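Engineer: You'll find target14.pdb just under this line, and it carries PDB, C-alpha atoms and all ligand atoms.
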```pdb
ATOM      1  CA  MET A 146      -8.828 -11.329  18.524  1.00  0.00           C
ATOM      2  CA  GLU A 147      -6.834 -11.798  15.337  1.00  0.00           C
ATOM      3  CA  THR A 148      -7.197  -9.296  12.502  1.00  0.00           C
ATOM      4  CA  LYS A 149      -7.555 -11.156   9.211  1.00  0.00           C
ATOM      5  CA  LEU A 150      -5.869 -10.304   5.932  1.00  0.00           C
ATOM      6  CA  ARG A 151      -6.257 -11.910   2.508  1.00  0.00           C
ATOM      7  CA  LEU A 152      -2.847 -11.922   0.866  1.00  0.00           C
ATOM      8  CA  ALA A 153      -1.205 -12.818  -2.428  1.00  0.00           C
ATOM      9  CA  GLY A 154       2.234 -12.925  -0.832  1.00  0.00           C
ATOM     10  CA  VAL A 155       4.878 -11.322   1.353  1.00  0.00           C
ATOM     11  CA  ILE A 156       8.467 -10.371   0.552  1.00  0.00           C
ATOM     12  CA  ARG A 157      10.420 -10.175   3.759  1.00  0.00           C
ATOM     13  CA  GLU A 158      13.217  -7.946   2.417  1.00  0.00           C
ATOM     14  CA  SER A 159      13.030  -5.605  -0.556  1.00  0.00           C
ATOM     15  CA  ILE A 160      15.006  -2.531  -1.553  1.00  0.00           C
ATOM     16  CA  VAL A 161      12.902  -1.668  -4.627  1.00  0.00           C
ATOM     17  CA  ASP A 162       9.485  -1.007  -3.039  1.00  0.00           C
ATOM     18  CA  GLY A 163      10.271   2.187  -1.138  1.00  0.00           C
ATOM     19  CA  PRO A 164      13.169   3.712   0.788  1.00  0.00           C
ATOM     20  CA  GLY A 165      15.484   1.405   2.737  1.00  0.00           C
ATOM     21  CA  TRP A 166      14.885  -2.233   3.547  1.00  0.00           C
ATOM     22  CA  ARG A 167      11.204  -3.064   3.559  1.00  0.00           C
ATOM     23  CA  LEU A 168       8.830  -5.928   4.161  1.00  0.00           C
ATOM     24  CA  VAL A 169       6.258  -5.920   1.356  1.00  0.00           C
ATOM     25  CA  VAL A 170       2.683  -7.146   1.833  1.00  0.00           C
ATOM     26  CA  PHE A 171       0.785  -8.000  -1.364  1.00  0.00           C
ATOM     27  CA  ALA A 172      -2.970  -7.805  -0.825  1.00  0.00           C
ATOM     28  CA  GLN A 173      -5.126 -10.285  -2.750  1.00  0.00           C
ATOM     29  CA  GLY A 174      -7.941  -8.714  -4.753  1.00  0.00           C
ATOM     30  CA  CYS A 175      -8.010  -5.652  -7.001  1.00  0.00           C
ATOM     31  CA  PRO A 176     -10.962  -3.970  -8.777  1.00  0.00           C
ATOM     32  CA  HIS A 177      -8.915  -1.806 -11.198  1.00  0.00           C
ATOM     33  CA  ASN A 178      -7.976  -4.221 -13.991  1.00  0.00           C
ATOM     34  CA  CYS A 179      -5.192  -2.024 -15.404  1.00  0.00           C
ATOM     35  CA  ASN A 180      -4.101  -3.002 -18.892  1.00  0.00           C
ATOM     36  CA  GLY A 181      -0.574  -4.436 -18.626  1.00  0.00           C
ATOM     37  CA  CYS A 182      -0.722  -5.140 -14.877  1.00  0.00           C
ATOM     38  CA  GLN A 183       2.323  -7.124 -13.714  1.00  0.00           C
ATOM     39  CA  ASN A 184       0.354  -9.034 -11.076  1.00  0.00           C
ATOM     40  CA  PRO A 185      -2.865 -10.322 -12.706  1.00  0.00           C
ATOM     41  CA  GLN A 186      -2.972 -13.273 -10.308  1.00  0.00           C
ATOM     42  CA  THR A 187      -3.779 -10.800  -7.520  1.00  0.00           C
ATOM     43  CA  HIS A 188      -6.990  -9.483  -9.136  1.00  0.00           C
ATOM     44  CA  ASN A 189      -9.671 -11.839  -7.892  1.00  0.00           C
ATOM     45  CA  PHE A 190     -10.827 -11.714  -4.297  1.00  0.00           C
ATOM     46  CA  ILE A 191     -10.955 -15.518  -3.849  1.00  0.00           C
ATOM     47  CA  ASP A 192      -7.405 -16.710  -4.487  1.00  0.00           C
ATOM     48  CA  GLY A 193      -4.486 -16.002  -2.199  1.00  0.00           C
ATOM     49  CA  TYR A 194      -4.325 -17.168   1.398  1.00  0.00           C
ATOM     50  CA  ASP A 195      -5.442 -16.095   4.845  1.00  0.00           C
ATOM     51  CA  SER A 196      -3.009 -14.348   7.109  1.00  0.00           C
ATOM     52  CA  THR A 197      -3.281 -12.007  10.058  1.00  0.00           C
ATOM     53  CA  VAL A 198      -1.940  -8.663  11.172  1.00  0.00           C
ATOM     54  CA  GLU A 199      -0.233 -10.492  14.020  1.00  0.00           C
ATOM     55  CA  ASN A 200       1.661 -12.817  11.619  1.00  0.00           C
ATOM     56  CA  ILE A 201       2.946  -9.925   9.582  1.00  0.00           C
ATOM     57  CA  LEU A 202       3.879  -7.916  12.631  1.00  0.00           C
ATOM     58  CA  ASN A 203       5.902 -10.822  14.015  1.00  0.00           C
ATOM     59  CA  ALA A 204       7.820 -11.052  10.722  1.00  0.00           C
ATOM     60  CA  VAL A 205       8.501  -7.309  10.867  1.00  0.00           C
ATOM     61  CA  LYS A 206       9.782  -7.507  14.435  1.00  0.00           C
ATOM     62  CA  GLU A 207      12.121 -10.394  13.543  1.00  0.00           C
ATOM     63  CA  ASN A 208      14.130  -8.240  11.123  1.00  0.00           C
ATOM     64  CA  PRO A 209      16.135  -5.383  12.667  1.00  0.00           C
ATOM     65  CA  LEU A 210      17.246  -4.174   9.205  1.00  0.00           C
ATOM     66  CA  LEU A 211      13.776  -2.993   8.183  1.00  0.00           C
ATOM     67  CA  SER A 212      12.953   0.696   7.976  1.00  0.00           C
ATOM     68  CA  GLY A 213       9.323   0.046   7.158  1.00  0.00           C
ATOM     69  CA  ILE A 214       6.667  -1.882   5.304  1.00  0.00           C
ATOM     70  CA  THR A 215       5.074  -1.391   1.897  1.00  0.00           C
ATOM     71  CA  LEU A 216       1.463  -2.312   1.193  1.00  0.00           C
ATOM     72  CA  SER A 217       1.111  -3.415  -2.406  1.00  0.00           C
ATOM     73  CA  GLY A 218      -1.152  -5.671  -4.365  1.00  0.00           C
ATOM     74  CA  GLY A 219      -3.668  -6.226  -5.493  1.00  0.00           C
ATOM     75  CA  GLU A 220      -5.381  -3.215  -3.971  1.00  0.00           C
ATOM     76  CA  PRO A 221      -4.501  -2.533  -0.312  1.00  0.00           C
ATOM     77  CA  PHE A 222      -7.421  -0.107   0.059  1.00  0.00           C
ATOM     78  CA  SER A 223      -9.873  -2.940  -0.664  1.00  0.00           C
ATOM     79  CA  GLN A 224      -9.015  -4.206   2.850  1.00  0.00           C
ATOM     80  CA  ALA A 225      -8.168  -0.857   4.323  1.00  0.00           C
ATOM     81  CA  LYS A 226      -9.592  -1.319   7.813  1.00  0.00           C
ATOM     82  CA  HIS A 227      -7.463  -4.347   8.616  1.00  0.00           C
ATOM     83  CA  LEU A 228      -4.340  -2.986   6.945  1.00  0.00           C
ATOM     84  CA  ALA A 229      -4.810   0.209   8.965  1.00  0.00           C
ATOM     85  CA  VAL A 230      -4.459  -1.907  12.111  1.00  0.00           C
ATOM     86  CA  LEU A 231      -1.185  -3.320  10.763  1.00  0.00           C
ATOM     87  CA  ALA A 232       0.095   0.113   9.733  1.00  0.00           C
ATOM     88  CA  ARG A 233      -0.727   1.552  13.175  1.00  0.00           C
ATOM     89  CA  GLU A 234       1.234  -1.231  14.875  1.00  0.00           C
ATOM     90  CA  VAL A 235       4.179  -0.715  12.511  1.00  0.00           C
ATOM     91  CA  HIS A 236       4.225   2.995  13.357  1.00  0.00           C
ATOM     92  CA  SER A 237       4.072   2.165  17.067  1.00  0.00           C
ATOM     93  CA  ILE A 238       7.433   0.345  16.785  1.00  0.00           C
ATOM     94  CA  GLY A 239       9.028   3.312  15.017  1.00  0.00           C
ATOM     95  CA  LEU A 240       8.929   2.123  11.385  1.00  0.00           C
ATOM     96  CA  ASN A 241       7.351   3.828   8.366  1.00  0.00           C
ATOM     97  CA  VAL A 242       4.569   2.796   5.976  1.00  0.00           C
ATOM     98  CA  MET A 243       4.322   3.177   2.217  1.00  0.00           C
ATOM     99  CA  ALA A 244       1.266   2.068   0.198  1.00  0.00           C
ATOM    100  CA  TYR A 245       0.309   1.593  -3.419  1.00  0.00           C
ATOM    101  CA  THR A 246      -3.206   2.154  -4.701  1.00  0.00           C
ATOM    102  CA  GLY A 247      -4.962   2.169  -8.071  1.00  0.00           C
ATOM    103  CA  TRP A 248      -7.203   4.987  -6.862  1.00  0.00           C
ATOM    104  CA  SER A 249      -6.014   8.584  -6.785  1.00  0.00           C
ATOM    105  CA  PHE A 250      -5.487  10.367  -3.484  1.00  0.00           C
ATOM    106  CA  GLU A 251      -8.441  12.591  -4.387  1.00  0.00           C
ATOM    107  CA  GLN A 252     -10.710   9.579  -4.971  1.00  0.00           C
ATOM    108  CA  LEU A 253      -9.738   8.016  -1.647  1.00  0.00           C
ATOM    109  CA  TYR A 254     -10.094  11.285   0.257  1.00  0.00           C
ATOM    110  CA  ALA A 255     -13.487  12.133  -1.248  1.00  0.00           C
ATOM    111  CA  GLY A 256     -14.793   8.558  -1.147  1.00  0.00           C
ATOM    112  CA  ALA A 257     -13.762   7.655   2.409  1.00  0.00           C
ATOM    113  CA  ASN A 258     -16.563   6.420   4.642  1.00  0.00           C
ATOM    114  CA  GLU A 259     -17.181   4.408   7.791  1.00  0.00           C
ATOM    115  CA  GLN A 260     -17.371   1.103   5.893  1.00  0.00           C
ATOM    116  CA  ASN A 261     -14.382   1.259   3.576  1.00  0.00           C
ATOM    117  CA  GLY A 262     -11.838   2.466   6.158  1.00  0.00           C
ATOM    118  CA  TRP A 263      -9.976   4.539   3.574  1.00  0.00           C
ATOM    119  CA  LEU A 264      -9.361   7.451   5.920  1.00  0.00           C
ATOM    120  CA  GLU A 265      -8.210   5.088   8.668  1.00  0.00           C
ATOM    121  CA  LEU A 266      -5.573   3.645   6.354  1.00  0.00           C
ATOM    122  CA  LEU A 267      -4.597   6.991   4.816  1.00  0.00           C
ATOM    123  CA  SER A 268      -4.006   8.301   8.343  1.00  0.00           C
ATOM    124  CA  GLU A 269      -1.427   5.537   8.878  1.00  0.00           C
ATOM    125  CA  VAL A 270       0.407   5.841   5.553  1.00  0.00           C
ATOM    126  CA  ASP A 271       3.490   8.048   5.188  1.00  0.00           C
ATOM    127  CA  TRP A 272       3.874   7.842   1.403  1.00  0.00           C
ATOM    128  CA  LEU A 273       1.203   6.845  -1.100  1.00  0.00           C
ATOM    129  CA  VAL A 274       1.937   5.901  -4.709  1.00  0.00           C
ATOM    130  CA  ASP A 275      -1.391   6.578  -6.358  1.00  0.00           C
ATOM    131  CA  GLY A 276      -3.200   5.947  -9.634  1.00  0.00           C
ATOM    132  CA  LYS A 277      -3.736   3.066 -12.016  1.00  0.00           C
ATOM    133  CA  PHE A 278      -0.872   1.638 -14.044  1.00  0.00           C
ATOM    134  CA  GLU A 279      -1.182   3.149 -17.550  1.00  0.00           C
ATOM    135  CA  ILE A 280       0.701   1.105 -20.103  1.00  0.00           C
ATOM    136  CA  GLU A 281       0.809   4.020 -22.567  1.00  0.00           C
ATOM    137  CA  ASN A 282       2.630   6.035 -19.887  1.00  0.00           C
ATOM    138  CA  LYS A 283       4.921   3.216 -18.771  1.00  0.00           C
ATOM    139  CA  THR A 284       8.326   4.427 -17.572  1.00  0.00           C
ATOM    140  CA  LEU A 285      11.451   2.962 -16.040  1.00  0.00           C
ATOM    141  CA  SER A 286      12.826   6.370 -15.059  1.00  0.00           C
ATOM    142  CA  LEU A 287      10.588   7.265 -12.115  1.00  0.00           C
ATOM    143  CA  LYS A 288      11.541   5.817  -8.756  1.00  0.00           C
ATOM    144  CA  PHE A 289       8.984   3.414  -7.254  1.00  0.00           C
ATOM    145  CA  ARG A 290       6.430   4.073 -10.030  1.00  0.00           C
ATOM    146  CA  GLY A 291       5.448   2.104 -13.112  1.00  0.00           C
ATOM    147  CA  SER A 292       3.815   4.864 -15.182  1.00  0.00           C
ATOM    148  CA  SER A 293       4.255   8.623 -15.313  1.00  0.00           C
ATOM    149  CA  ASN A 294       0.692   9.420 -14.165  1.00  0.00           C
ATOM    150  CA  GLN A 295       1.489   7.929 -10.752  1.00  0.00           C
ATOM    151  CA  ARG A 296       2.590  10.236  -7.956  1.00  0.00           C
ATOM    152  CA  ILE A 297       4.321   9.791  -4.618  1.00  0.00           C
ATOM    153  CA  ILE A 298       2.139  11.622  -2.109  1.00  0.00           C
ATOM    154  CA  ASP A 299       3.150  12.892   1.323  1.00  0.00           C
ATOM    155  CA  VAL A 300      -0.037  11.740   3.012  1.00  0.00           C
ATOM    156  CA  LYS A 301       0.292  13.584   6.311  1.00  0.00           C
ATOM    157  CA  LYS A 302       0.751  16.942   4.557  1.00  0.00           C
ATOM    158  CA  SER A 303      -1.974  16.107   2.044  1.00  0.00           C
ATOM    159  CA  LEU A 304      -4.510  15.288   4.743  1.00  0.00           C
ATOM    160  CA  SER A 305      -3.772  18.467   6.653  1.00  0.00           C
ATOM    161  CA  ASN A 306      -3.963  20.585   3.464  1.00  0.00           C
ATOM    162  CA  GLY A 307      -6.957  18.738   2.012  1.00  0.00           C
ATOM    163  CA  LEU A 308      -5.157  18.297  -1.291  1.00  0.00           C
ATOM    164  CA  ALA A 309      -2.414  16.091  -2.675  1.00  0.00           C
ATOM    165  CA  VAL A 310       1.154  17.159  -1.879  1.00  0.00           C
ATOM    166  CA  GLU A 311       3.786  15.316  -3.874  1.00  0.00           C
ATOM    167  CA  ILE A 312       7.204  14.277  -2.585  1.00  0.00           C
ATOM    168  CA  GLU A 313      10.294  12.668  -4.115  1.00  0.00           C
ATOM    169  CA  LEU A 314      11.906   9.910  -2.073  1.00  0.00           C
TER     170      LEU A 314
HETATM  171  S1  LIG B   1      -4.053  -1.376  -9.390  1.00  0.00           S
HETATM  172 FE1  LIG B   1      -2.114  -2.512  -9.437  1.00  0.00          FE
HETATM  173  S2  LIG B   1      -2.665  -4.657  -9.040  1.00  0.00           S
HETATM  174 FE2  LIG B   1      -4.540  -3.575  -9.595  1.00  0.00          FE
HETATM  175  S3  LIG B   1      -4.760  -3.923 -11.793  1.00  0.00           S
HETATM  176 FE3  LIG B   1      -3.711  -1.953 -11.516  1.00  0.00          FE
HETATM  177  S4  LIG B   1      -1.515  -2.429 -11.599  1.00  0.00           S
HETATM  178 FE4  LIG B   1      -2.623  -4.365 -11.250  1.00  0.00          FE
END
```
Would you write out, as structure tokens, the structure that this file holds?
Ligand code: SF4

Structural biologist:
Amino acid sequence: METKLRLAGVIRESIVDGPGWRLVVFAQGCPHNCNGCQNPQTHNFIDGYDSTVENILNAVKENPLLSGITLSGGEPFSQAKHLAVLAREVHSIGLNVMAYTGWSFEQLYAGANEQNGWLELLSEVDWLVDGKFEIENKTLSLKFRGSSNQRIIDVKKSLSNGLAVEIEL
């Protein structure tokens, strides 16, 4: 059975959304409403288009240059269960997974439950860029982040320690 995704778009090759060449998946729908968001068209949960994990995986497999995928948005953790399936498949072919979220690592870790699939997705993410975009803290000097409150989290270490462990990529 196909695993459905609701997407705002896909970039098949990017070098600015994480280390190396990456395919970027933009989830449609975001509850955070950050002031100054660059992608306001991704906020509602109705627009965008239907895709599937299988479609994205095929695109990943077609490009031997890729080192991984990046889940962006929108809010990837609003469709965490299905994106966890994608991330697991991407790991199974030896590539890595980076994800953006408007929630903090602590919020996702404490708020994870059977329904929202947050832990399932966290368990398949290597690096998490967390926190809302804060226009008053906007910066161009931090790699892969839009504002200085955002962190790059080593998710595997953070899950085993039970607290956020930052990493620089
Ligand atoms: S979390 Fe990201 S997509 Fe959502 S409103 Fe904030 S900056 Fe925009």

Engineer: Which residues would end up in the selection if the PyMOL selection byres (((chain A and resi 235-248) around 6) and not hetatm) were applied here, given that I need the answer as a list in words?

Structural biologist: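 So the PyMOL selection byres (((chain A and resi 235-248) around 6) and not hetatm), applied here, picks out Ser212, Gly213, Ile214, Thr215, Leu216, Ser217, Glu220, Ala232, Arg233, Glu234, Ser249, Val270, Asp271, Trp272, Leu273, Val274, Asp275, Gly276 and Lys277 of chain A.
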
Engineer: Please extract the residues at most 7 Å from ligand LIG 1 (chain B), counting only C-alpha atoms and all ligand atoms, and provide them as a CSV table (one decimal) with C-alpha atoms, in the coordinates of the input, using the chain letters and residue numbers of this document.

Structural biologist:
```csv
chain,number,residue,atom,x,y,z
A,175,CYS,CA,-8.0,-5.7,-7.0
A,176,PRO,CA,-11.0,-4.0,-8.8
A,177,HIS,CA,-8.9,-1.8,-11.2
A,178,ASN,CA,-8.0,-4.2,-14.0
A,179,CYS,CA,-5.2,-2.0,-15.4
A,182,CYS,CA,-0.7,-5.1,-14.9
A,183,GLN,CA,2.3,-7.1,-13.7
A,184,ASN,CA,0.4,-9.0,-11.1
A,185,PRO,CA,-2.9,-10.3,-12.7
A,187,THR,CA,-3.8,-10.8,-7.5
A,188,HIS,CA,-7.0,-9.5,-9.1
A,218,GLY,CA,-1.2,-5.7,-4.4
A,219,GLY,CA,-3.7,-6.2,-5.5
A,220,GLU,CA,-5.4,-3.2,-4.0
A,246,THR,CA,-3.2,2.2,-4.7
A,247,GLY,CA,-5.0,2.2,-8.1
A,277,LYS,CA,-3.7,3.1,-12.0
A,278,PHE,CA,-0.9,1.6,-14.0
```

Engineer: List as a list in words: which residues have an atom within 12 Å of (15.3, 3.4, -6.9), counting only C-alpha atoms?

Structural biologist: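 Using only C-alpha atoms, the matching residues come out as Ser159, Ile160, Val161, Asp162, Gly163, Pro164, Gly165, Trp166, Leu285, Ser286, Leu287, Lys288, Phe289, Arg290, Gly291, Glu313 and Leu314 of chain A.
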
Engineer: Report, in Å with one decimal, the straight-line distance from CA of Ser223 (chain A) to CA of Asp195 (chain A).

Structural biologist: 14.9 Å

Engineer: Would you please work out which residue, of A:Ser268, A:Ser293, A:Leu231, A:Leu150, is nearest to Asn203 (chain A) when using only C-alpha atoms?

Structural biologist: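 Answer, going by the shortest atom-to-atom distance: A:Leu231.
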
Engineer: Just the residues within 8 Å of Ala309 (chain A), please, counting only C-alpha atoms, with nothing from its chain fewer than 6 positions along; format it as an mmCIF file with C-alpha atoms, in the frame of the given file.

Structural biologist:
```cif
data_model
loop_
_atom_site.group_PDB
_atom_site.id
_atom_site.type_symbol
_atom_site.label_atom_id
_atom_site.label_comp_id
_atom_site.auth_asym_id
_atom_site.auth_seq_id
_atom_site.Cartn_x
_atom_site.Cartn_y
_atom_site.Cartn_z
ATOM 1 C CA PHE A 250 -5.487 10.367 -3.484
ATOM 2 C CA GLU A 251 -8.441 12.591 -4.387
ATOM 3 C CA ILE A 298 2.139 11.622 -2.109
ATOM 4 C CA ASP A 299 3.150 12.892 1.323
ATOM 5 C CA VAL A 300 -0.037 11.740 3.012
ATOM 6 C CA LYS A 302 0.751 16.942 4.557
ATOM 7 C CA SER A 303 -1.974 16.107 2.044
#
```

Engineer: Return as a PyMOL selection string the set of residues that the PyMOL selection byres (((chain A and resi 190-194) around 6) and not hetatm) yields on the displayed structure.

Structural biologist: chain A and resi 151-153+173-174+189+195

Engineer: Which residue gives the smallest distance to Val169 (chain A) among A:Ile280, A:Leu264, A:Ala204, A:Ile297, with all atoms listed in the file counted?

Structural biologist: A:Ala204

Engineer: On this structure, the PyMOL selection byres (((chain A and resi 224) around 8) and not hetatm) would catch which residues? List them as a list in words, sorted by chain and number.

Structural biologist: Leu150, Ala172, Glu220, Pro221, Phe222, Ser223, Ala225, Lys226, His227, Leu228, Asn261 and Gly262 of chain A

Engineer: Can you work out which one of A:Asn180, A:Glu158, A:Val230, A:Gly307 has the shortest atom-to-atom distance to Pro209 (chain A), counting all atoms listed in the file?

Structural biologist: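 When distances to Pro209 (chain A) are compared using all atoms listed in the file, the smallest one comes from A:Glu158.
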
Engineer: Go through A:Glu199, A:Glu259, A:Glu279, A:Glu207 and flag the residue nearest Arg157 (chain A), using only C-alpha atoms for the distances.

Structural biologist: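 The closest residue to Arg157 (chain A) is A:Glu207.
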
Engineer: Please, what distance in Å, to one decimal, runs between CA of Ala229 (chain A) and CA of Glu265 (chain A)?

Structural biologist: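 Calculated distance between CA of Ala229 (chain A) and CA of Glu265 (chain A) is 6.0 Å.
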
Engineer: Rounded to one decimal in Å, what is the spacing between CA of Ser196 (chain A) and CA of Lys149 (chain A)?

Structural biologist: 5.9 Å

Engineer: Using all atoms listed in the file, find the one residue out of A:Leu202, A:Met146, A:Ile312, A:Leu267 that sits nearest to Gln252 (chain A).

Structural biologist: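 Ranking A:Leu202, A:Met146, A:Ile312, A:Leu267 by distance to Gln252 (chain A), first place goes to A:Leu267.
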